[in-house]
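Data from query.txt: compact mmCIF, C-alpha atoms
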# COMPACT_ATOMS: atom_id res chain seq x y z
CA MET A 442 0.64 4.20 32.45
CA ILE A 443 -2.57 2.73 31.02
CA ASN A 444 -1.85 4.53 27.76
CA TYR A 445 1.58 2.88 27.53
CA ALA A 446 0.17 -0.54 28.34
CA ARG A 447 -2.45 -0.12 25.64
CA LYS A 448 0.18 0.94 23.11
CA ILE A 449 2.38 -2.04 23.92
CA LEU A 450 -0.61 -4.39 23.69
CA LYS A 451 -1.60 -2.89 20.33
CA TRP A 452 1.91 -3.29 18.89
CA SER A 453 2.23 -6.83 20.28
CA ILE A 454 -1.03 -7.92 18.67
CA GLY A 455 0.07 -6.26 15.42
CA ILE A 456 3.42 -8.06 15.43
CA ILE A 457 1.77 -11.43 16.18
CA ILE A 458 -0.72 -10.99 13.31
CA VAL A 459 2.06 -10.00 10.89
CA ALA A 460 4.16 -12.99 12.02
CA ILE A 461 1.26 -15.42 11.47
CA PHE A 462 0.64 -14.04 7.98
CA ALA A 463 4.36 -14.08 7.16
CA LEU A 464 4.50 -17.76 8.15
CA LEU A 465 1.38 -18.57 6.08
CA TYR A 466 2.79 -16.81 3.05
CA ARG A 467 6.24 -18.33 3.46
CA ILE A 468 4.96 -21.90 3.62
CA ASN A 469 2.20 -21.70 1.02
CA ASP A 470 2.63 -20.70 -2.60
CA PRO A 471 -0.50 -18.69 -3.50
CA ASP A 472 -0.05 -19.97 -7.05
CA ARG A 473 -0.56 -23.60 -6.01
CA SER A 474 -2.99 -23.14 -3.16
CA ASN A 475 -6.70 -22.54 -3.60
CA TYR A 476 -7.11 -20.73 -0.32
CA PHE A 477 -5.64 -17.34 -1.30
CA PRO A 478 -8.09 -14.69 -2.56
CA LYS A 479 -7.80 -13.89 -6.26
CA CYS A 480 -7.76 -10.36 -7.60
CA PRO A 481 -11.36 -9.31 -8.40
CA PHE A 482 -10.17 -6.89 -11.11
CA TYR A 483 -8.29 -9.66 -12.92
CA LYS A 484 -11.21 -12.09 -12.49
CA LEU A 485 -13.67 -9.60 -13.95
CA THR A 486 -11.65 -7.97 -16.73
CA GLY A 487 -8.84 -10.39 -17.52
CA TYR A 488 -6.38 -7.51 -17.13
CA LYS A 489 -3.79 -7.31 -14.39
CA CYS A 490 -4.03 -4.52 -11.83
CA PRO A 491 -0.92 -2.87 -10.32
CA GLY A 492 -1.23 -5.18 -7.30
CA CYS A 493 -1.62 -8.47 -9.17
CA GLY A 494 1.06 -10.95 -8.18
CA SER A 495 1.79 -9.24 -4.88
CA GLN A 496 0.75 -12.28 -2.83
CA ARG A 497 3.01 -14.52 -4.92
CA ALA A 498 5.78 -11.91 -4.72
CA ILE A 499 5.51 -11.87 -0.92
CA HIS A 500 5.75 -15.68 -0.89
CA HIS A 501 8.95 -15.55 -2.93
CA LEU A 502 10.42 -12.67 -0.90
CA LEU A 503 9.85 -14.59 2.34
CA ASN A 504 11.78 -17.48 0.80
CA ALA A 505 14.59 -15.16 -0.35
CA GLU A 506 13.79 -15.80 -4.02
CA PHE A 507 14.20 -12.23 -5.17
CA CYS A 508 14.21 -12.87 -8.92
CA GLN A 509 10.90 -14.72 -8.82
CA ALA A 510 9.42 -12.02 -6.60
CA PHE A 511 10.54 -9.40 -9.10
CA LYS A 512 8.89 -11.33 -11.93
CA GLU A 513 5.57 -11.59 -10.08
CA ASN A 514 5.32 -7.91 -9.17
CA ALA A 515 8.32 -5.70 -9.84
CA LEU A 516 6.63 -2.60 -8.47
CA LEU A 517 6.10 -4.22 -5.08
CA VAL A 518 9.74 -5.27 -4.75
CA ILE A 519 11.01 -1.84 -5.80
CA SER A 520 8.65 -0.02 -3.45
CA ILE A 521 9.61 -1.87 -0.26
CA PRO A 522 12.68 0.27 0.63
CA TYR A 523 10.71 3.41 -0.20
CA LEU A 524 7.77 2.36 1.97
CA LEU A 525 10.06 1.50 4.89
CA THR A 526 11.68 4.95 4.60
CA GLY A 527 8.26 6.60 4.50
CA PHE A 528 7.11 4.63 7.53
CA THR A 529 10.21 5.76 9.45
CA PHE A 530 9.62 9.40 8.50
CA ASP A 531 6.03 9.09 9.77
CA LEU A 532 7.34 7.95 13.16
CA ILE A 533 9.57 11.03 13.64
CA LYS A 534 7.59 13.35 15.88
CA ASN A 535 9.52 16.63 15.66
CA PRO A 536 11.71 16.60 12.57
CA GLY A 537 14.48 19.17 12.20
CA GLU A 538 14.93 21.43 9.23
CA ARG A 539 17.14 18.96 7.36
CA MET A 540 14.68 16.14 7.97
CA LEU A 541 11.84 18.28 6.64
CA LYS A 542 13.84 19.00 3.51
CA TRP A 543 14.42 15.28 2.93
CA ARG A 544 10.77 14.60 3.65
CA LYS A 545 9.73 17.16 1.08
CA ALA A 546 12.10 15.76 -1.55
CA LEU A 547 11.14 12.11 -1.03
CA PHE A 548 7.49 12.36 -0.02
CA GLY A 549 6.42 15.83 -1.20
CA LYS A 550 3.96 16.76 -3.91
CA LYS A 551 6.34 16.12 -6.81
CA ALA A 552 7.35 12.73 -5.44
CA ILE A 553 3.72 11.72 -4.99
CA TYR A 554 2.89 12.64 -8.59
CA ILE A 555 5.90 10.65 -9.82
CA ILE A 556 4.69 7.63 -7.81
CA LEU A 557 1.18 7.96 -9.18
CA SER A 558 2.54 8.12 -12.75
CA LEU A 559 4.76 5.10 -12.08
CA ILE A 560 1.83 3.04 -10.79
CA ILE A 561 -0.36 3.93 -13.77
CA ALA A 562 2.46 3.32 -16.29
CA PHE A 563 3.14 -0.05 -14.62
CA TRP A 564 -0.57 -0.87 -14.78
CA ILE A 565 -0.74 -0.15 -18.54
CA LEU A 566 2.60 -1.69 -19.51
CA ARG A 567 2.04 -5.00 -17.74
CA ASN A 568 -1.08 -5.56 -19.84
CA ILE A 569 0.68 -4.96 -23.18
CA PRO A 570 1.78 -8.29 -24.69
CA TYR A 571 5.36 -7.24 -25.42
CA PHE A 572 5.99 -6.15 -21.83
CA GLN A 573 3.95 -8.87 -20.14
CA HIS A 574 6.94 -11.13 -19.65
CA LEU A 575 9.00 -8.34 -18.14
CA LEU A 576 6.46 -6.93 -15.70
CA MET B 610 0.79 35.63 7.14
CA GLU B 611 1.59 32.21 8.45
CA THR B 612 4.63 30.40 7.09
CA THR B 613 4.57 26.65 6.81
CA SER B 614 8.10 25.99 5.61
CA ASN B 615 9.40 24.90 9.03
CA GLN B 616 6.40 22.86 10.07
CA THR B 617 5.42 19.27 9.51
CA PRO B 618 2.46 18.82 7.16
CA PRO B 619 -0.48 16.74 8.38
CA LYS B 620 -0.22 13.00 7.79
CA THR B 621 -0.54 12.29 4.06
CA TRP B 622 -1.28 8.53 4.40
CA LEU B 623 1.01 8.00 1.40
CA VAL B 624 2.65 4.79 2.63
CA GLU B 625 -0.70 3.30 3.62
CA SER B 626 -2.26 4.32 0.29
CA ILE B 627 0.53 2.64 -1.69
CA LEU B 628 0.13 -0.52 0.38
CA VAL B 629 -3.63 -0.53 -0.25
CA THR B 630 -3.00 -0.06 -3.99
CA LEU B 631 -0.57 -2.98 -4.08
CA PHE B 632 -2.43 -5.40 -1.83
CA CYS B 633 -6.12 -4.73 -2.00
CA CYS B 634 -6.39 -4.53 -5.76
CA LEU B 635 -8.71 -1.58 -5.39
CA PRO B 636 -8.77 1.95 -6.82
CA PHE B 637 -9.25 3.36 -3.32
CA GLY B 638 -5.49 3.33 -2.85
CA ILE B 639 -5.16 5.61 -5.88
CA ALA B 640 -7.76 7.96 -4.39
CA GLY B 641 -5.65 7.97 -1.22
CA ILE B 642 -2.49 8.85 -3.17
CA VAL B 643 -4.25 11.70 -5.00
CA ASN B 644 -5.37 13.09 -1.64
CA ALA B 645 -1.83 12.72 -0.29
CA ALA B 646 -0.67 15.01 -3.10
CA LYS B 647 -3.47 17.42 -2.20
CA VAL B 648 -2.31 17.52 1.44
CA GLU B 649 1.19 18.51 0.31
CA SER B 650 0.17 21.15 -2.23
CA LYS B 651 -2.36 22.82 0.09
CA PHE B 652 0.10 22.79 2.96
CA ASN B 653 2.82 24.32 0.78
CA ALA B 654 0.38 27.05 -0.24
CA GLY B 655 -0.23 27.87 3.44
CA ASP B 656 -3.78 26.49 3.45
CA ILE B 657 -3.59 24.50 6.69
CA ASP B 658 -7.35 23.91 6.95
CA GLY B 659 -7.43 22.60 3.40
CA ALA B 660 -4.43 20.36 4.11
CA ASN B 661 -6.13 18.95 7.20
CA LYS B 662 -9.27 18.25 5.21
CA ALA B 663 -7.29 16.52 2.44
CA SER B 664 -5.52 14.49 5.14
CA ALA B 665 -8.89 13.38 6.53
CA ASP B 666 -10.00 12.45 2.98
CA ALA B 667 -6.80 10.48 2.39
CA LYS B 668 -7.39 8.63 5.65
CA LYS B 669 -10.99 7.90 4.65
CA TRP B 670 -10.05 6.40 1.27
CA THR B 671 -7.20 4.32 2.64
CA THR B 672 -9.42 2.98 5.41
CA ILE B 673 -12.19 2.11 2.93
CA GLY B 674 -9.60 0.41 0.69
CA PHE B 675 -8.13 -1.53 3.62
CA TRP B 676 -11.47 -2.85 4.90
CA GLY B 677 -12.68 -3.36 1.32
CA GLY B 678 -9.69 -5.62 0.71
CA ILE B 679 -10.36 -7.55 3.92
CA ALA B 680 -14.05 -7.84 2.98
CA VAL B 681 -13.12 -9.28 -0.45
CA ALA B 682 -10.84 -11.83 1.24
CA VAL B 683 -13.54 -12.81 3.77
CA ILE B 684 -16.20 -13.14 1.05
CA TYR B 685 -13.78 -15.26 -0.99
CA ILE B 686 -13.21 -17.59 1.95
CA ILE B 687 -16.95 -17.83 2.74
CA ILE B 688 -17.79 -18.68 -0.89
CA GLY B 689 -14.88 -21.13 -0.91
CA LEU B 690 -16.20 -22.85 2.21
CA ILE B 691 -19.68 -23.14 0.69
CA ILE B 692 -18.95 -24.28 -2.85
CA GLY B 693 -15.44 -25.67 -2.34
CA PHE B 694 -12.14 -23.89 -2.91
CA ASP B 695 -11.16 -26.01 -5.91
CA LYS B 696 -14.11 -24.56 -7.84
CA LEU B 697 -12.78 -21.01 -7.35
CA ARG B 698 -9.59 -21.55 -9.31
Could you express the structure from this file as structure tokens?
Amino acid sequence: MINYARKILKWSIGIIIVAIFALLYRINDPDRSNYFPKCPFYKLTGYKCPGCGSQRAIHHLLNAEFCQAFKENALLVISIPYLLTGFTFDLIKNPGERMLKWRKALFGKKAIYIILSLIIAFWILRNIPYFQHLL
Amino acid sequence: METTSNQTPPKTWLVESILVTLFCCLPFGIAGIVNAAKVESKFNAGDIDGANKASADAKKWTTIGFWGGIAVAVIYIIIGLIIGFDKLR
């Protein structure tokens, strides 16, 4: 009983925190406000990291401006459906054989290496002048 | 000989690692993803102890990345409050 109550409390607090942040990011454009933390990597090196633009992208996503969100951080927008799928797979306690097969295909070793390569390629490409406007 | 083909591997922390990479601007997320791959490969090879250890490592790096990101945000806000946010632009 106490365990359940604790779980419900934990999830409720989590949902409230996410809702507050969603509201903050929907109302404020991190590009125009001074209050949003800047990327330390960009500040120090002048190069974008794979996560640069994700705060602005979230702002645009929450306002249903998908094109702008894609321009700020394409990788973030693309990864959302994948992350939601992964989160759902994590919640399944006793997956069947078919589920395990899907898990292995989507989140197995090969998939992880592909993701890692994608992130690093994105990181390099978005700092090359010709691609800068695309990524 | 233990088979692992019909079991669930230990938690790889992949989703959390990707989130840390995209939001905390820190290389710790990448370390988490590398360890996620290690969990999978060790588990596939039947090395359950090794997979559990890699899972613990993945958790460690993602947690460090998560709190590191929060720490950066808190430090930013403290500096902003002291010297003024308009000077941080």
Per-residue nearest contacts of chain B to chain A (10 Å; all atoms listed in the file) as a Markdown table:
| residue | atom | partner | partner_atom | distance |
| --- | --- | --- | --- | --- |
| B:Ser614 | CA | A:Leu541 | CA | 8.6 |
| B:Asn615 | CA | A:Glu538 | CA | 6.5 |
| B:Gln616 | CA | A:Leu541 | CA | 7.9 |
| B:Thr617 | CA | A:Leu541 | CA | 7.1 |
| B:Pro618 | CA | A:Leu541 | CA | 9.4 |
| B:Lys620 | CA | A:Asp531 | CA | 7.6 |
| B:Thr621 | CA | A:Phe548 | CA | 9.0 |
| B:Trp622 | CA | A:Asp531 | CA | 9.1 |
| B:Leu623 | CA | A:Ile553 | CA | 7.9 |
| B:Val624 | CA | A:Leu524 | CA | 5.7 |
| B:Glu625 | CA | A:Leu524 | CA | 8.7 |
| B:Ile627 | CA | A:Leu524 | CA | 8.1 |
| B:Leu628 | CA | A:Leu524 | CA | 8.3 |
| B:Val629 | CA | A:Gly492 | CA | 8.8 |
| B:Thr630 | CA | A:Gly492 | CA | 6.3 |
| B:Leu631 | CA | A:Gly492 | CA | 4.0 |
| B:Phe632 | CA | A:Gly492 | CA | 5.6 |
| B:Cys633 | CA | A:Gly492 | CA | 7.2 |
| B:Cys634 | CA | A:Gly492 | CA | 5.4 |
| B:Leu635 | CA | A:Phe482 | CA | 7.9 |
| B:Pro636 | CA | A:Cys490 | CA | 9.5 |
| B:Ile639 | CA | A:Leu557 | CA | 7.5 |
| B:Ile642 | CA | A:Ile553 | CA | 7.1 |
| B:Val643 | CA | A:Leu557 | CA | 7.8 |
| B:Asn644 | CA | A:Ile553 | CA | 9.8 |
| B:Ala645 | CA | A:Ile553 | CA | 7.3 |
| B:Ala646 | CA | A:Lys550 | CA | 5.0 |
| B:Lys647 | CA | A:Lys550 | CA | 7.7 |
| B:Val648 | CA | A:Lys550 | CA | 8.3 |
| B:Glu649 | CA | A:Lys550 | CA | 5.3 |
| B:Ser650 | CA | A:Lys550 | CA | 6.0 |
| B:Lys651 | CA | A:Lys550 | CA | 9.6 |
| B:Phe652 | CA | A:Lys550 | CA | 9.9 |
| B:Asn653 | CA | A:Lys550 | CA | 9.0 |
| B:Gly678 | CA | A:Cys480 | CA | 9.8 |
| B:Ile679 | CA | A:Pro478 | CA | 9.9 |
| B:Val681 | CA | A:Pro478 | CA | 7.7 |
| B:Ala682 | CA | A:Pro478 | CA | 5.5 |
| B:Val683 | CA | A:Pro478 | CA | 8.6 |
| B:Ile684 | CA | A:Pro478 | CA | 9.0 |
| B:Tyr685 | CA | A:Pro478 | CA | 5.9 |
| B:Ile686 | CA | A:Tyr476 | CA | 7.2 |
| B:Gly689 | CA | A:Tyr476 | CA | 7.8 |
| B:Leu690 | CA | A:Tyr476 | CA | 9.7 |
| B:Gly693 | CA | A:Asn475 | CA | 9.4 |
| B:Phe694 | CA | A:Asn475 | CA | 5.6 |
| B:Asp695 | CA | A:Asn475 | CA | 6.1 |
| B:Lys696 | CA | A:Asn475 | CA | 8.8 |
| B:Leu697 | CA | A:Asn475 | CA | 7.3 |
| B:Arg698 | CA | A:Asn475 | CA | 6.5 |
Output C-alpha atoms for every residue in that selection, as a PDB file, in the frame of the given file.
ATOM      1  CA  SER B 614       8.100  25.990   5.610  1.00  0.00           C
ATOM      2  CA  ASN B 615       9.400  24.900   9.030  1.00  0.00           C
ATOM      3  CA  GLN B 616       6.400  22.860  10.070  1.00  0.00           C
ATOM      4  CA  THR B 617       5.420  19.270   9.510  1.00  0.00           C
ATOM      5  CA  PRO B 618       2.460  18.820   7.160  1.00  0.00           C
ATOM      6  CA  LYS B 620      -0.220  13.000   7.790  1.00  0.00           C
ATOM      7  CA  THR B 621      -0.540  12.290   4.060  1.00  0.00           C
ATOM      8  CA  TRP B 622      -1.280   8.530   4.400  1.00  0.00           C
ATOM      9  CA  LEU B 623       1.010   8.000   1.400  1.00  0.00           C
ATOM     10  CA  VAL B 624       2.650   4.790   2.630  1.00  0.00           C
ATOM     11  CA  GLU B 625      -0.700   3.300   3.620  1.00  0.00           C
ATOM     12  CA  ILE B 627       0.530   2.640  -1.690  1.00  0.00           C
ATOM     13  CA  LEU B 628       0.130  -0.520   0.380  1.00  0.00           C
ATOM     14  CA  VAL B 629      -3.630  -0.530  -0.250  1.00  0.00           C
ATOM     15  CA  THR B 630      -3.000  -0.060  -3.990  1.00  0.00           C
ATOM     16  CA  LEU B 631      -0.570  -2.980  -4.080  1.00  0.00           C
ATOM     17  CA  PHE B 632      -2.430  -5.400  -1.830  1.00  0.00           C
ATOM     18  CA  CYS B 633      -6.120  -4.730  -2.000  1.00  0.00           C
ATOM     19  CA  CYS B 634      -6.390  -4.530  -5.760  1.00  0.00           C
ATOM     20  CA  LEU B 635      -8.710  -1.580  -5.390  1.00  0.00           C
ATOM     21  CA  PRO B 636      -8.770   1.950  -6.820  1.00  0.00           C
ATOM     22  CA  ILE B 639      -5.160   5.610  -5.880  1.00  0.00           C
ATOM     23  CA  ILE B 642      -2.490   8.850  -3.170  1.00  0.00           C
ATOM     24  CA  VAL B 643      -4.250  11.700  -5.000  1.00  0.00           C
ATOM     25  CA  ASN B 644      -5.370  13.090  -1.640  1.00  0.00           C
ATOM     26  CA  ALA B 645      -1.830  12.720  -0.290  1.00  0.00           C
ATOM     27  CA  ALA B 646      -0.670  15.010  -3.100  1.00  0.00           C
ATOM     28  CA  LYS B 647      -3.470  17.420  -2.200  1.00  0.00           C
ATOM     29  CA  VAL B 648      -2.310  17.520   1.440  1.00  0.00           C
ATOM     30  CA  GLU B 649       1.190  18.510   0.310  1.00  0.00           C
ATOM     31  CA  SER B 650       0.170  21.150  -2.230  1.00  0.00           C
ATOM     32  CA  LYS B 651      -2.360  22.820   0.090  1.00  0.00           C
ATOM     33  CA  PHE B 652       0.100  22.790   2.960  1.00  0.00           C
ATOM     34  CA  ASN B 653       2.820  24.320   0.780  1.00  0.00           C
ATOM     35  CA  GLY B 678      -9.690  -5.620   0.710  1.00  0.00           C
ATOM     36  CA  ILE B 679     -10.360  -7.550   3.920  1.00  0.00           C
ATOM     37  CA  VAL B 681     -13.120  -9.280  -0.450  1.00  0.00           C
ATOM     38  CA  ALA B 682     -10.840 -11.830   1.240  1.00  0.00           C
ATOM     39  CA  VAL B 683     -13.540 -12.810   3.770  1.00  0.00           C
ATOM     40  CA  ILE B 684     -16.200 -13.140   1.050  1.00  0.00           C
ATOM     41  CA  TYR B 685     -13.780 -15.260  -0.990  1.00  0.00           C
ATOM     42  CA  ILE B 686     -13.210 -17.590   1.950  1.00  0.00           C
ATOM     43  CA  GLY B 689     -14.880 -21.130  -0.910  1.00  0.00           C
ATOM     44  CA  LEU B 690     -16.200 -22.850   2.210  1.00  0.00           C
ATOM     45  CA  GLY B 693     -15.440 -25.670  -2.340  1.00  0.00           C
ATOM     46  CA  PHE B 694     -12.140 -23.890  -2.910  1.00  0.00           C
ATOM     47  CA  ASP B 695     -11.160 -26.010  -5.910  1.00  0.00           C
ATOM     48  CA  LYS B 696     -14.110 -24.560  -7.840  1.00  0.00           C
ATOM     49  CA  LEU B 697     -12.780 -21.010  -7.350  1.00  0.00           C
ATOM     50  CA  ARG B 698      -9.590 -21.550  -9.310  1.00  0.00           C
TER      51      ARG B 698
END
Atomic distance CA of Ile555 (chain A) - CA of Val518 (chain A), expressed in Å with one decimal: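 Interatomic distance, CA of Ile555 (chain A) to CA of Val518 (chain A): 17.1 Å.
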Contacts of Lys668 (chain B) at 8 Å (only C-alpha atoms; same-chain gap of 3+ positions) as a list in words: Thr621, Trp622, Gly641, Ser664, Ala665, Thr671 and Thr672 of chain B
Computed interatomic separation between CA of Ala515 (chain A) and CA of Tyr571 (chain A) (Å): 15.9 Å
With 6 Å on each side, where is the centre of the axis-aligned box around all listed atoms of region 486-492 of chain A, and how long are its edges in Å to one decimal, as JSON?
{"center_x": -6.3, "center_y": -6.6, "center_z": -12.4, "size_x": 22.7, "size_y": 19.5, "size_z": 22.2}
Non-local contacts of Asn504 (chain A) (10 Å; only C-alpha atoms; under 4 positions in same chain excluded) as JSON, numbers by chain: {"A": [466, 467, 468, 498, 499, 500, 510]}
